[in-house]
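Source file: coords17.csv. Holds: CSV, C-alpha atoms and all ligand atoms.
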```
chain,number,residue,atom,x,y,z
A,1,MET,CA,28.2,4.2,0.4
A,2,THR,CA,30.6,2.4,-1.9
A,3,PRO,CA,29.8,0.6,-5.2
A,4,SER,CA,30.2,-2.7,-3.4
A,5,ASP,CA,27.2,-1.9,-1.3
A,6,ARG,CA,25.1,-2.6,-4.4
A,7,ASP,CA,24.4,-5.9,-6.0
A,8,ALA,CA,24.6,-6.6,-9.7
A,9,THR,CA,21.3,-4.9,-10.4
A,10,GLY,CA,22.3,-1.8,-8.4
A,11,LEU,CA,20.2,-2.7,-5.4
A,12,LEU,CA,21.3,-1.5,-2.0
A,13,THR,CA,20.8,-4.5,0.2
A,14,LYS,CA,23.2,-4.5,3.2
A,15,PRO,CA,21.3,-4.7,6.4
A,16,ASP,CA,23.5,-2.4,8.4
A,17,HIS,CA,22.3,0.5,6.3
A,18,PHE,CA,18.9,0.6,8.0
A,19,VAL,CA,17.2,0.4,11.3
A,20,GLN,CA,16.7,-3.3,12.1
A,21,LEU,CA,15.3,-4.7,15.4
A,22,ILE,CA,14.6,-8.2,14.2
A,23,THR,CA,17.1,-9.9,11.9
A,24,PRO,CA,16.0,-12.2,9.1
A,25,ALA,CA,16.9,-15.1,11.3
A,26,GLY,CA,14.5,-13.9,14.0
A,27,GLU,CA,17.0,-12.5,16.5
A,28,ARG,CA,16.2,-9.4,18.5
A,29,ARG,CA,18.8,-6.8,17.9
A,30,ALA,CA,19.4,-4.3,20.7
A,31,ASP,CA,19.1,-0.7,19.6
A,32,ALA,CA,19.4,2.0,22.2
A,33,GLU,CA,17.9,4.7,20.0
A,34,HIS,CA,14.9,2.8,18.7
A,35,ASP,CA,14.1,0.2,21.5
A,36,PRO,CA,12.4,2.8,23.8
A,37,TRP,CA,9.8,3.5,21.0
A,38,VAL,CA,8.6,-0.1,21.1
A,39,ALA,CA,9.2,-0.9,24.8
A,40,ASP,CA,5.4,-1.6,25.2
A,41,VAL,CA,5.5,-4.3,22.4
A,42,ASP,CA,5.5,-7.6,24.3
A,43,ALA,CA,5.1,-11.1,23.0
A,44,ALA,CA,1.3,-10.7,22.9
A,45,ALA,CA,1.5,-7.5,20.9
A,46,LEU,CA,4.1,-9.1,18.5
A,47,GLY,CA,1.6,-12.0,18.1
A,48,ARG,CA,-1.1,-9.5,17.1
A,49,LEU,CA,1.3,-8.0,14.5
A,50,TYR,CA,2.0,-11.4,13.2
A,51,ARG,CA,-1.7,-12.2,13.0
A,52,ASP,CA,-2.3,-9.0,11.0
A,53,MET,CA,0.5,-9.9,8.6
A,54,ALA,CA,-0.6,-13.5,8.1
A,55,ILE,CA,-4.2,-12.6,7.5
A,56,VAL,CA,-3.4,-9.9,4.9
A,57,ARG,CA,-1.1,-12.3,3.2
A,58,ARG,CA,-4.0,-14.8,2.9
A,59,LEU,CA,-6.4,-12.1,1.7
A,60,ASP,CA,-3.9,-11.0,-0.9
A,61,ALA,CA,-3.5,-14.6,-2.2
A,62,GLU,CA,-7.3,-14.9,-2.3
A,63,ALA,CA,-7.7,-11.7,-4.2
A,64,THR,CA,-5.0,-12.8,-6.7
A,65,ALA,CA,-6.9,-16.0,-7.2
A,66,LEU,CA,-10.2,-14.1,-7.7
A,67,GLN,CA,-8.6,-12.1,-10.4
A,68,ARG,CA,-7.3,-15.3,-12.1
A,69,GLN,CA,-10.8,-16.6,-12.0
A,70,GLY,CA,-12.2,-13.6,-13.7
A,71,GLU,CA,-13.9,-12.1,-10.7
A,72,LEU,CA,-11.6,-9.0,-10.5
A,73,GLY,CA,-10.3,-7.0,-13.4
A,74,LEU,CA,-6.9,-6.5,-11.8
A,75,TRP,CA,-5.1,-6.9,-8.5
A,76,PRO,CA,-1.8,-5.4,-7.3
A,77,PRO,CA,-0.4,-7.9,-4.8
A,78,LEU,CA,1.2,-6.8,-1.6
A,79,ALA,CA,3.0,-10.1,-0.8
A,80,GLY,CA,6.4,-9.3,0.8
A,81,GLN,CA,5.4,-5.8,2.0
A,82,GLU,CA,3.2,-6.9,5.0
A,83,ALA,CA,5.6,-5.6,7.7
A,84,ALA,CA,6.1,-2.2,6.0
A,85,GLN,CA,2.3,-1.7,5.8
A,86,ILE,CA,1.2,-3.3,9.1
A,87,GLY,CA,4.1,-1.8,11.2
A,88,SER,CA,3.3,1.7,9.9
A,89,ALA,CA,-0.5,1.5,10.0
A,90,ARG,CA,-0.6,0.1,13.5
A,91,ALA,CA,1.3,3.2,14.7
A,92,LEU,CA,-1.6,5.4,13.6
A,93,ARG,CA,-4.5,6.9,15.6
A,94,ASP,CA,-8.1,6.8,14.3
A,95,ASP,CA,-8.1,10.6,13.7
A,96,ASP,CA,-5.0,10.4,11.5
A,97,PHE,CA,-5.6,10.2,7.8
A,98,VAL,CA,-3.8,8.0,5.3
A,99,PHE,CA,-3.4,8.6,1.5
A,100,THR,CA,-2.2,5.5,-0.3
A,101,SER,CA,-1.4,4.2,-3.7
A,102,TYR,CA,-3.0,1.0,-5.0
A,103,ARG,CA,-1.0,-1.6,-3.1
A,104,GLU,CA,-1.8,-0.8,0.5
A,105,HIS,CA,-4.4,-3.4,1.2
A,106,ALA,CA,-2.8,-4.1,4.6
A,107,VAL,CA,-3.1,-0.5,5.5
A,108,ALA,CA,-6.8,-0.7,4.5
A,109,TRP,CA,-7.1,-3.8,6.7
A,110,CYS,CA,-5.8,-1.8,9.7
A,111,ARG,CA,-8.2,1.1,8.9
A,112,GLY,CA,-11.2,-1.3,9.0
A,113,VAL,CA,-12.0,-1.3,5.3
A,114,GLY,CA,-14.4,-4.2,4.7
A,115,PRO,CA,-13.9,-6.9,2.0
A,116,ALA,CA,-16.5,-5.7,-0.4
A,117,GLU,CA,-15.3,-2.1,0.0
A,118,LEU,CA,-11.8,-3.3,-0.8
A,119,LEU,CA,-12.7,-5.2,-3.9
A,120,THR,CA,-15.2,-2.8,-5.5
A,121,VAL,CA,-12.7,-0.8,-7.5
A,122,TRP,CA,-10.7,-3.9,-8.6
A,123,ARG,CA,-14.0,-5.4,-9.9
A,124,GLY,CA,-14.6,-2.3,-11.8
A,125,SER,CA,-18.0,-1.8,-10.2
A,126,ALA,CA,-17.4,1.8,-8.9
A,127,SER,CA,-14.7,4.3,-9.0
A,128,SER,CA,-14.3,4.1,-5.2
A,129,GLY,CA,-15.1,1.5,-2.7
A,130,TRP,CA,-15.5,3.3,0.6
A,131,ASN,CA,-16.2,6.6,2.3
A,132,PRO,CA,-12.8,8.0,3.1
A,133,TYR,CA,-14.1,9.8,6.2
A,134,GLU,CA,-15.4,6.6,7.7
A,135,HIS,CA,-11.9,5.0,7.7
A,136,GLY,CA,-9.6,8.0,7.8
A,137,MET,CA,-8.2,6.7,4.5
A,138,ALA,CA,-8.5,8.0,1.0
A,139,VAL,CA,-9.4,5.6,-1.8
A,140,PRO,CA,-6.5,4.2,-3.8
A,141,GLN,CA,-4.6,6.6,-5.9
A,142,ILE,CA,-3.6,5.3,-9.3
A,143,ILE,CA,-1.8,8.5,-10.5
A,144,ILE,CA,1.7,7.8,-9.2
A,145,GLY,CA,2.6,10.1,-6.3
A,146,ALA,CA,-0.5,12.4,-6.5
A,147,GLN,CA,-1.5,11.3,-3.0
A,148,ALA,CA,1.6,12.9,-1.5
A,149,LEU,CA,0.2,16.3,-2.3
A,150,HIS,CA,-3.2,15.3,-0.9
A,151,ALA,CA,-1.6,14.2,2.4
A,152,THR,CA,0.4,17.4,2.7
A,153,GLY,CA,-2.7,19.5,2.1
A,154,TRP,CA,-4.6,17.5,4.7
A,155,ALA,CA,-1.8,17.8,7.2
A,156,MET,CA,-1.5,21.6,6.7
A,157,GLY,CA,-5.3,21.8,7.3
A,158,ALA,CA,-5.1,19.7,10.4
A,159,ALA,CA,-2.3,22.0,11.8
A,160,TRP,CA,-4.3,25.1,11.0
A,161,GLU,CA,-7.3,23.7,12.8
A,162,GLY,CA,-5.1,23.2,15.9
A,163,THR,CA,-5.4,19.4,16.1
A,164,ASP,CA,-2.4,17.1,16.6
A,165,ALA,CA,-3.6,14.6,14.0
A,166,ALA,CA,-1.1,13.6,11.3
A,167,SER,CA,-1.3,12.3,7.8
A,168,VAL,CA,0.7,9.6,6.1
A,169,ALA,CA,1.5,9.5,2.4
A,170,TYR,CA,2.3,6.0,1.2
A,171,PHE,CA,4.1,5.7,-2.1
A,172,GLY,CA,6.7,3.6,-3.9
A,173,ASP,CA,10.3,4.0,-4.9
A,174,GLY,CA,9.3,4.9,-8.4
A,175,ALA,CA,7.0,7.6,-7.2
A,176,THR,CA,10.0,9.5,-5.7
A,177,SER,CA,10.9,10.5,-9.3
A,178,GLU,CA,7.5,12.2,-9.8
A,179,GLY,CA,7.0,15.9,-9.6
A,180,ASP,CA,4.0,15.5,-7.3
A,181,VAL,CA,6.1,13.8,-4.6
A,182,ASN,CA,8.9,16.4,-4.8
A,183,GLU,CA,6.4,19.3,-4.7
A,184,ALA,CA,4.7,17.7,-1.7
A,185,LEU,CA,8.1,17.4,0.1
A,186,VAL,CA,8.9,21.1,-0.5
A,187,PHE,CA,5.5,22.2,0.7
A,188,ALA,CA,5.5,20.0,3.7
A,189,ALA,CA,9.0,21.1,4.8
A,190,SER,CA,8.2,24.8,4.2
A,191,PHE,CA,5.0,24.7,6.2
A,192,ASP,CA,6.2,22.2,8.9
A,193,ALA,CA,3.2,20.1,7.9
A,194,PRO,CA,2.5,17.1,10.2
A,195,VAL,CA,2.9,14.5,7.5
A,196,VAL,CA,4.9,11.3,7.3
A,197,PHE,CA,6.2,10.4,3.8
A,198,PHE,CA,6.2,6.6,3.9
A,199,CYS,CA,8.1,5.3,0.9
A,200,GLN,CA,8.0,1.5,0.4
A,201,ASN,CA,11.1,0.9,-1.6
A,202,ASN,CA,10.1,-2.5,-2.9
A,203,GLN,CA,13.1,-2.4,-5.3
A,204,TRP,CA,11.0,-2.1,-8.5
A,205,ALA,CA,8.8,0.3,-10.3
A,206,ILE,CA,7.2,-2.2,-12.6
A,207,SER,CA,10.3,-3.4,-14.5
A,208,GLU,CA,12.6,-0.5,-13.5
A,209,PRO,CA,15.0,-1.3,-10.6
A,210,VAL,CA,15.4,1.3,-7.9
A,211,GLY,CA,19.1,1.6,-8.8
A,212,LEU,CA,18.0,3.5,-11.9
A,213,GLN,CA,15.7,5.7,-10.0
A,214,SER,CA,18.3,6.8,-7.5
A,215,LYS,CA,22.1,6.8,-7.2
A,216,GLN,CA,21.8,6.8,-3.4
A,217,PRO,CA,19.4,5.5,-0.8
A,218,LEU,CA,16.1,7.3,-1.2
A,219,ALA,CA,16.1,8.3,2.5
A,220,ARG,CA,19.1,10.5,1.9
A,221,ARG,CA,17.0,12.7,-0.3
A,222,ALA,CA,15.1,13.9,2.8
A,223,ASP,CA,18.1,16.0,3.8
A,224,GLY,CA,17.8,18.1,0.6
A,225,PHE,CA,14.2,18.9,1.4
A,226,GLY,CA,15.0,19.9,5.0
A,227,MET,CA,13.5,17.0,6.9
A,228,PRO,CA,14.8,13.9,8.7
A,229,GLY,CA,15.1,10.7,6.7
A,230,ILE,CA,14.9,7.3,8.4
A,231,ARG,CA,15.9,4.2,6.5
A,232,VAL,CA,14.3,1.2,8.0
A,233,ASP,CA,14.2,-2.5,7.3
A,234,GLY,CA,10.8,-2.7,5.8
A,235,ASN,CA,10.6,-6.4,6.4
A,236,ASP,CA,10.9,-5.9,10.1
A,237,VAL,CA,7.6,-5.0,11.5
A,238,LEU,CA,9.0,-3.8,14.8
A,239,ALA,CA,11.5,-1.5,13.3
A,240,VAL,CA,8.9,-0.1,11.0
A,241,LEU,CA,6.6,0.5,14.0
A,242,ALA,CA,9.4,2.3,15.8
A,243,ALA,CA,10.3,4.5,12.9
A,244,THR,CA,6.7,5.5,12.2
A,245,ARG,CA,6.1,6.2,15.9
A,246,ILE,CA,9.1,8.5,15.8
A,247,ALA,CA,7.9,10.3,12.7
A,248,LEU,CA,4.3,10.6,14.0
A,249,ASP,CA,5.5,11.9,17.4
A,250,ARG,CA,7.5,14.6,15.7
A,251,ALA,CA,4.6,15.6,13.5
A,252,ARG,CA,2.2,15.8,16.5
A,253,ARG,CA,4.6,18.0,18.4
A,254,GLY,CA,4.8,20.5,15.5
A,255,GLY,CA,8.2,19.3,14.3
A,256,GLY,CA,7.1,18.9,10.7
A,257,PRO,CA,7.4,16.1,8.2
A,258,THR,CA,9.7,13.0,8.1
A,259,PHE,CA,10.6,10.8,5.2
A,260,ILE,CA,10.8,7.1,5.9
A,261,GLU,CA,12.3,4.7,3.4
A,262,ALA,CA,11.1,1.2,4.2
A,263,VAL,CA,13.4,-1.2,2.4
A,264,THR,CA,11.3,-4.1,1.3
A,265,TYR,CA,10.6,-6.3,-1.7
A,266,ARG,CA,7.6,-7.1,-3.9
A,267,LEU,CA,7.6,-10.9,-4.0
A,268,GLY,CA,4.8,-11.1,-6.6
A,269,PRO,CA,4.1,-9.4,-9.9
A,270,HIS,CA,3.6,-5.6,-10.1
A,271,THR,CA,-0.1,-6.4,-10.8
A,272,THR,CA,-1.8,-9.5,-12.1
A,273,ALA,CA,-1.2,-8.1,-15.6
A,274,ASP,CA,2.6,-8.3,-15.1
A,275,ASP,CA,5.1,-11.1,-15.6
A,276,PRO,CA,8.2,-10.3,-13.4
A,277,LYS,CA,10.1,-13.2,-14.9
A,278,ARG,CA,10.7,-11.0,-17.8
A,279,TYR,CA,12.9,-8.6,-15.9
A,280,ARG,CA,14.2,-10.2,-12.7
A,281,THR,CA,16.1,-13.3,-11.7
A,282,ASP,CA,15.1,-16.3,-9.6
A,283,ASP,CA,18.2,-15.7,-7.5
A,284,GLU,CA,17.0,-12.3,-6.5
A,285,LEU,CA,13.6,-13.7,-5.5
A,286,THR,CA,15.3,-16.4,-3.4
A,287,GLU,CA,17.6,-13.8,-1.7
A,288,TRP,CA,14.6,-11.7,-0.7
A,289,GLY,CA,12.5,-14.7,0.2
A,290,ALA,CA,15.1,-15.4,2.9
A,291,ARG,CA,14.2,-12.0,4.4
A,292,ASP,CA,10.5,-12.7,4.6
A,293,PRO,CA,8.8,-10.5,7.2
A,294,LEU,CA,6.5,-13.3,8.5
A,295,THR,CA,9.1,-16.0,8.9
A,296,ARG,CA,11.4,-13.8,11.0
A,297,LEU,CA,8.7,-12.7,13.4
A,298,LEU,CA,7.5,-16.3,13.9
A,299,ALA,CA,11.1,-17.3,14.7
A,300,LEU,CA,11.4,-14.6,17.2
A,301,LEU,CA,8.1,-15.5,18.8
A,302,GLY,CA,9.4,-19.1,19.1
A,303,THR,CA,12.4,-17.9,21.1
A,304,MET,CA,10.0,-15.9,23.4
A,305,GLY,CA,8.3,-19.1,24.4
A,306,VAL,CA,5.1,-18.6,22.5
A,307,ASP,CA,3.2,-21.7,21.4
A,308,ILE,CA,3.9,-21.4,17.7
A,309,GLU,CA,1.8,-24.3,16.6
A,310,GLY,CA,-1.2,-23.1,18.5
A,311,LEU,CA,-0.7,-19.5,17.2
A,312,GLU,CA,-0.4,-20.7,13.6
A,313,ARG,CA,-3.5,-22.9,13.9
A,314,ASP,CA,-5.6,-20.2,15.3
A,315,ILE,CA,-4.4,-17.7,12.7
A,316,ALA,CA,-4.9,-20.1,9.8
A,317,ASP,CA,-8.5,-20.6,10.9
A,318,GLU,CA,-9.1,-16.9,11.2
A,319,ALA,CA,-7.3,-16.2,7.9
A,320,GLY,CA,-9.4,-18.9,6.2
A,321,ARG,CA,-12.6,-17.2,7.4
A,322,ALA,CA,-11.5,-13.8,6.3
A,323,ALA,CA,-10.6,-15.2,2.8
A,324,ALA,CA,-14.0,-16.9,2.6
A,325,GLU,CA,-15.6,-13.6,3.5
A,326,LEU,CA,-13.6,-11.8,0.8
A,327,ARG,CA,-14.7,-14.4,-1.8
A,328,ALA,CA,-18.3,-14.2,-0.8
A,329,ALA,CA,-18.2,-10.4,-0.8
A,330,VAL,CA,-17.4,-10.4,-4.5
A,331,THR,CA,-20.8,-11.6,-5.4
A,332,THR,CA,-22.5,-9.0,-3.2
A,333,ILE,CA,-21.0,-6.1,-5.1
A,334,PRO,CA,-23.7,-4.7,-7.4
A,335,ASP,CA,-23.1,-4.2,-11.1
A,336,PRO,CA,-23.4,-0.5,-11.8
A,337,GLU,CA,-25.8,1.1,-14.3
A,338,PRO,CA,-23.5,2.0,-17.2
A,339,MET,CA,-24.7,5.7,-17.3
A,340,THR,CA,-23.6,6.2,-13.6
A,341,VAL,CA,-20.0,6.4,-14.9
A,342,PHE,CA,-20.7,10.1,-15.5
A,343,ASP,CA,-21.9,10.7,-11.9
A,344,HIS,CA,-19.5,12.5,-9.5
A,345,VAL,CA,-17.0,13.4,-12.2
A,346,TYR,CA,-17.7,17.1,-11.6
A,347,ALA,CA,-19.6,18.9,-8.8
A,348,GLU,CA,-21.5,21.0,-11.4
A,349,PRO,CA,-22.8,19.9,-14.8
A,350,ASN,CA,-21.0,21.1,-17.9
A,351,THR,CA,-21.6,20.9,-21.6
A,352,HIS,CA,-18.4,18.8,-22.3
A,353,LEU,CA,-19.6,16.0,-20.0
A,354,ALA,CA,-23.2,16.3,-21.2
A,355,ARG,CA,-22.0,15.7,-24.8
A,356,GLN,CA,-20.1,12.6,-23.8
A,357,ARG,CA,-23.0,11.4,-21.8
A,358,ASP,CA,-25.4,11.8,-24.8
A,359,HIS,CA,-22.9,10.1,-27.1
A,360,TYR,CA,-22.5,7.1,-24.7
A,361,ALA,CA,-26.3,6.8,-24.2
A,362,ARG,CA,-26.8,6.6,-28.0
A,363,TYR,CA,-24.0,4.0,-28.2
A,364,LEU,CA,-25.7,1.9,-25.5
A,365,ALA,CA,-29.0,2.2,-27.3
A,366,MET,CA,-27.5,0.6,-30.4
A,367,PHE,CA,-27.2,-2.6,-28.4
A,368,ASP,CA,-30.9,-2.5,-27.5
A,369,GLU,CA,-31.7,-2.3,-31.2
A,370,THR,CA,-29.3,-5.1,-32.0
A,371,ASP,CA,-30.9,-7.2,-29.2
A,372,ALA,CA,-34.4,-6.5,-30.5
A,373,ALA,CA,-33.4,-7.3,-34.1
A,374,ALA,CA,-31.7,-10.6,-32.9
A,375,SER,CA,-34.8,-11.7,-30.9
A,376,GLY,CA,-37.0,-10.8,-33.9
A,377,ALA,CA,-34.9,-12.9,-36.2
A,378,ALA,CA,-34.9,-15.8,-33.7
A,379,GLY,CA,-38.7,-15.5,-33.4
A,380,GLY,CA,-39.1,-15.7,-37.2
A,381,ALA,CA,-37.0,-18.8,-37.4
A,382,ARG,CA,-39.2,-20.7,-34.9
A,401,LIG,C1,1.6,9.6,-13.3
A,401,LIG,C2,1.7,8.1,-13.6
A,401,LIG,N1,2.7,7.7,-14.5
A,401,LIG,C3,2.8,6.4,-14.8
A,401,LIG,C4,1.9,5.5,-14.3
A,401,LIG,C5,2.0,4.0,-14.6
A,401,LIG,N2,2.5,3.2,-13.5
A,401,LIG,C6,1.7,2.5,-12.7
A,401,LIG,S1,2.5,1.8,-11.4
A,401,LIG,C7,3.9,2.4,-11.9
A,401,LIG,C8,5.2,2.1,-11.1
A,401,LIG,C9,5.2,2.7,-9.7
A,401,LIG,O1,6.3,2.2,-9.0
A,401,LIG,P1,6.5,2.5,-7.5
A,401,LIG,O2,6.3,3.9,-7.2
A,401,LIG,O3,7.8,1.9,-7.1
A,401,LIG,O4,5.3,1.7,-6.8
A,401,LIG,P2,5.1,0.1,-6.7
A,401,LIG,O5,4.1,-0.3,-7.8
A,401,LIG,O6,6.4,-0.6,-6.8
A,401,LIG,O7,4.4,-0.2,-5.4
A,401,LIG,C10,3.8,3.2,-13.1
A,401,LIG,C11,4.9,3.8,-13.8
A,401,LIG,C12,0.8,6.0,-13.4
A,401,LIG,N3,-0.1,5.2,-12.9
A,401,LIG,N4,0.8,7.3,-13.1
A,402,MG,MG,8.3,0.1,-6.2
```
Would it be possible to restate this file's structure as structure tokens?
Ligand SMILES: Cc1ncc(C[n+]2csc(CCOP(=O)(O)OP(=O)(O)O)c2C)c(N)n1
Ligand SMILES: [Mg+2]
Amino acid sequence: MTPSDRDATGLLTKPDHFVQLITPAGERRADAEHDPWVADVDAAALGRLYRDMAIVRRLDAEATALQRQGELGLWPPLAGQEAAQIGSARALRDDDFVFTSYREHAVAWCRGVGPAELLTVWRGSASSGWNPYEHGMAVPQIIIGAQALHATGWAMGAAWEGTDAASVAYFGDGATSEGDVNEALVFAASFDAPVVFFCQNNQWAISEPVGLQSKQPLARRADGFGMPGIRVDGNDVLAVLAATRIALDRARRGGGPTFIEAVTYRLGPHTTADDPKRYRTDDELTEWGARDPLTRLLALLGTMGVDIEGLERDIADEAGRAAAELRAAVTTIPDPEPMTVFDHVYAEPNTHLARQRDHYARYLAMFDETDAAASGAAGGAR
């Protein structure tokens, strides 16, 4: 690695530093080491991966619009990271378990999470939207990196129970600086836990560029923890699928954890509360836009003789229906009773929580009195 491998902001961008099977122009690169892992992926399978990516991109845009219209409190867009999420999640089995952060809506899509389940948290209607055991997926983790510990604990448990299931911890580039992630890496390596650490290096941790988080590619850190590190083009769905299959196979065979760095880019804001124009340039956006994960796969499918127009038409219809379903789902999410915010905080009641509950109940009662006084005053005026 030389200083010239970085751009002005310190980003490591040269493609030959990672596993890449589909170039940004849509050419298939031969790779003797990784090709066997995706030998079964024919044009039809590639078309299904494209369908996944196109639908989640549409759902993401719809959710962003719903936030702008006041239907959601917040939304963390995934745009740009479709290949990293779909390629990895489509490598999983149903009995595997994933632990994600807040941006993995495409992983949720692959795990069968429904539209209302997906939006509940972001509407602020409940602290979790789905039953993790129904989908083999924990609910979104907002505490940066905490899910890496959960994934490691789950994996250790799975191994002790004698299964060959594996877990995946999804986290960002910024999360690699957190204690939780580093502790998880140490534990996983020491116990040969069947866990895949899937780091989506989307170049930014809110406004902090990855060049500040790490002086070297994040995948190289794996060596220090005693596990293999794979650096993969995170905008290449096929390469991500291959890398994740390699890591899962290793985990299932008792080989222990693997660290994958998927080099990708967040095309949108960190969340709908963020304005990325404050900290990054239009040139950077244009540069990464040219590496779009969907465009390159479509180009490849074109060279494989697939009817692109037909494919795009079918997928646009399907994505439109999925987006309409998402929008309709918002209105079906019930508003919670305010006092239920205290439910499920602790398994057992305790005086500290009881005090807070009483305090909040008295606070809410004040509004009843205000309402009564207001309607009394209105009545008097009539
Ligand atoms: C422990 C903790 N510290 C700080 C935050 C505030 N925070 C939310 S997102 C974020 C950046 C995370 O960046 P990265 O890990 O790269 O993930 P990305 O958002 O890019 O997907 C921070 C610092 C938090 N949620 N939790
Ligand atoms: Mg990031």
Checklist entry - Which residues sit within 8 Å of ligand MG 402 (chain A), counting all atoms listed in the file, listed as a ChimeraX atom specification? => result /A:172-175,200-206,210,266
Next on the checklist: Show me, as a list in words, the residues that have an atom within 8 Å of range 102-116 of chain A when counting only C-alpha atoms, minus same-chain residues fewer than 5 positions from it.
Outcome noted: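 The contact residues come out as Met53, Val56, Asp60, Pro76, Pro77, Leu78, Glu82, Gln85, Ile86, Ala89, Arg90, Asp94, Gly129, Trp130, His135, Gly136, Met137, Pro140, Gln141, Ile142, Tyr170, Glu325, Leu326, Ala329, Val330, Thr332 and Ile333 of chain A.
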Checklist entry - With all atoms listed in the file as the basis for distance, which of A:Ala374, A:Ala324, A:Leu185, A:Leu285 is at the shortest distance from Gly224 in chain A? => result A:Leu185
Checklist entry - CA of Ile308 in chain A to CA of Gly47 in chain A: how many Å, to one decimal? => result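 Separation of CA of Ile308 in chain A and CA of Gly47 in chain A: 9.7 Å.
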Next on the checklist: Could you list, as number ranges by chain, every residue within 10 Å of Thr152 in chain A, counting only C-alpha atoms and ignoring same-chain residues fewer than 2 positions away?
Outcome noted: A: 99, 147-150, 154-158, 166-169, 181, 183-189, 191-197, 257
Item to check | Coordinates-based distance that separates CA of Asn235 in chain A from CA of Arg327 in chain A (Å, one decimal) | outcome: 27.8 Å
Item to check | CA of Leu267 in chain A to CA of Thr286 in chain A, straight-line distance in Å | outcome: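 Computed distance, CA of Thr286 in chain A to CA of Leu267 in chain A, equals 9.5 Å.
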Next on the checklist: When you count only C-alpha atoms, which of these residues is closest to Val38 in chain A: A:Gly70, A:Gly289, A:Gly234, A:Gly87?
Outcome noted: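 The closest residue to Val38 in chain A is A:Gly87.
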Next on the checklist: What's around Trp75 in chain A at 10 Å? Count all atoms listed in the file, leave out sequence neighbours fewer than 5 positions away in its own chain, and write the answer as a list in words.
Outcome noted: Asp60, Ala63, Thr64, Ala65, Leu66, Gln67, Arg68, Tyr102, Arg103, Leu119, Val121, Trp122, Arg123, Pro269, His270, Thr271, Thr272 and Ala273 of chain A
Given the selection you just returned, output its residues as a file containing C-alpha atoms, formatted as an mmCIF file, keeping the file's coordinate frame.
```cif
data_model
loop_
_atom_site.group_PDB
_atom_site.id
_atom_site.type_symbol
_atom_site.label_atom_id
_atom_site.label_comp_id
_atom_site.auth_asym_id
_atom_site.auth_seq_id
_atom_site.Cartn_x
_atom_site.Cartn_y
_atom_site.Cartn_z
ATOM 1 C CA ASP A 60 -3.900 -11.000 -0.900
ATOM 2 C CA ALA A 63 -7.700 -11.700 -4.200
ATOM 3 C CA THR A 64 -5.000 -12.800 -6.700
ATOM 4 C CA ALA A 65 -6.900 -16.000 -7.200
ATOM 5 C CA LEU A 66 -10.200 -14.100 -7.700
ATOM 6 C CA GLN A 67 -8.600 -12.100 -10.400
ATOM 7 C CA ARG A 68 -7.300 -15.300 -12.100
ATOM 8 C CA TYR A 102 -3.000 1.000 -5.000
ATOM 9 C CA ARG A 103 -1.000 -1.600 -3.100
ATOM 10 C CA LEU A 119 -12.700 -5.200 -3.900
ATOM 11 C CA VAL A 121 -12.700 -0.800 -7.500
ATOM 12 C CA TRP A 122 -10.700 -3.900 -8.600
ATOM 13 C CA ARG A 123 -14.000 -5.400 -9.900
ATOM 14 C CA PRO A 269 4.100 -9.400 -9.900
ATOM 15 C CA HIS A 270 3.600 -5.600 -10.100
ATOM 16 C CA THR A 271 -0.100 -6.400 -10.800
ATOM 17 C CA THR A 272 -1.800 -9.500 -12.100
ATOM 18 C CA ALA A 273 -1.200 -8.100 -15.600
#
```
Next on the checklist: From the options A:Ala372, A:Ala165, A:Leu301, A:Ala79, which residue's atoms come nearest to ligand LIG 401 (chain A), counting only C-alpha atoms and all ligand atoms?
Outcome noted: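 Using only C-alpha atoms and all ligand atoms, the shortest distance to ligand LIG 401 (chain A) belongs to A:Ala79.
Each of A:Glu348, A:Glu284, A:Glu312, A:Asp180 was checked against ligand LIG 401 (chain A) using all atoms listed in the file; the smallest atom-to-atom distance is that of A:Asp180.
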Determine, counting only C-alpha atoms, every residue of protein, DNA or RNA that lies within 12 Å of (17.9, 10.6, -7.3) in the file coordinates, then give the result as a compact mmCIF listing (two decimals) with C-alpha atoms, keeping the file's coordinate frame.
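Once written, result28.txt looks like this:
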```txt
# COMPACT_ATOMS: atom_id res chain seq x y z
CA ASP A 173 10.30 4.00 -4.90
CA GLY A 174 9.30 4.90 -8.40
CA ALA A 175 7.00 7.60 -7.20
CA THR A 176 10.00 9.50 -5.70
CA SER A 177 10.90 10.50 -9.30
CA GLU A 178 7.50 12.20 -9.80
CA ASN A 182 8.90 16.40 -4.80
CA VAL A 210 15.40 1.30 -7.90
CA GLY A 211 19.10 1.60 -8.80
CA LEU A 212 18.00 3.50 -11.90
CA GLN A 213 15.70 5.70 -10.00
CA SER A 214 18.30 6.80 -7.50
CA LYS A 215 22.10 6.80 -7.20
CA GLN A 216 21.80 6.80 -3.40
CA PRO A 217 19.40 5.50 -0.80
CA LEU A 218 16.10 7.30 -1.20
CA ALA A 219 16.10 8.30 2.50
CA ARG A 220 19.10 10.50 1.90
CA ARG A 221 17.00 12.70 -0.30
CA ALA A 222 15.10 13.90 2.80
CA GLY A 224 17.80 18.10 0.60
```
Next on the checklist: Residues proximal to (4.9, -3.8, 13.9) were defined as those with any atom within 9 Å of that point in the file's coordinates, counting all atoms listed in the file. Which are they, as a list in words?
Outcome noted: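 The answer, in the requested form, is Val38, Val41, Ala45, Leu46, Arg48, Leu49, Tyr50, Ala83, Ala84, Gln85, Ile86, Gly87, Ser88, Ala89, Arg90, Ala91, Asp236, Val237, Leu238, Ala239, Val240, Leu241 and Ala242 of chain A.
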Next on the checklist: When you count all atoms listed in the file, which of these residues is closest to Gly145 in chain A: A:Gly179, A:Gly305, A:Arg29, A:Phe342?
Outcome noted: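 Between A:Gly179, A:Gly305, A:Arg29, A:Phe342, the residue approaching Gly145 in chain A most closely is A:Gly179.
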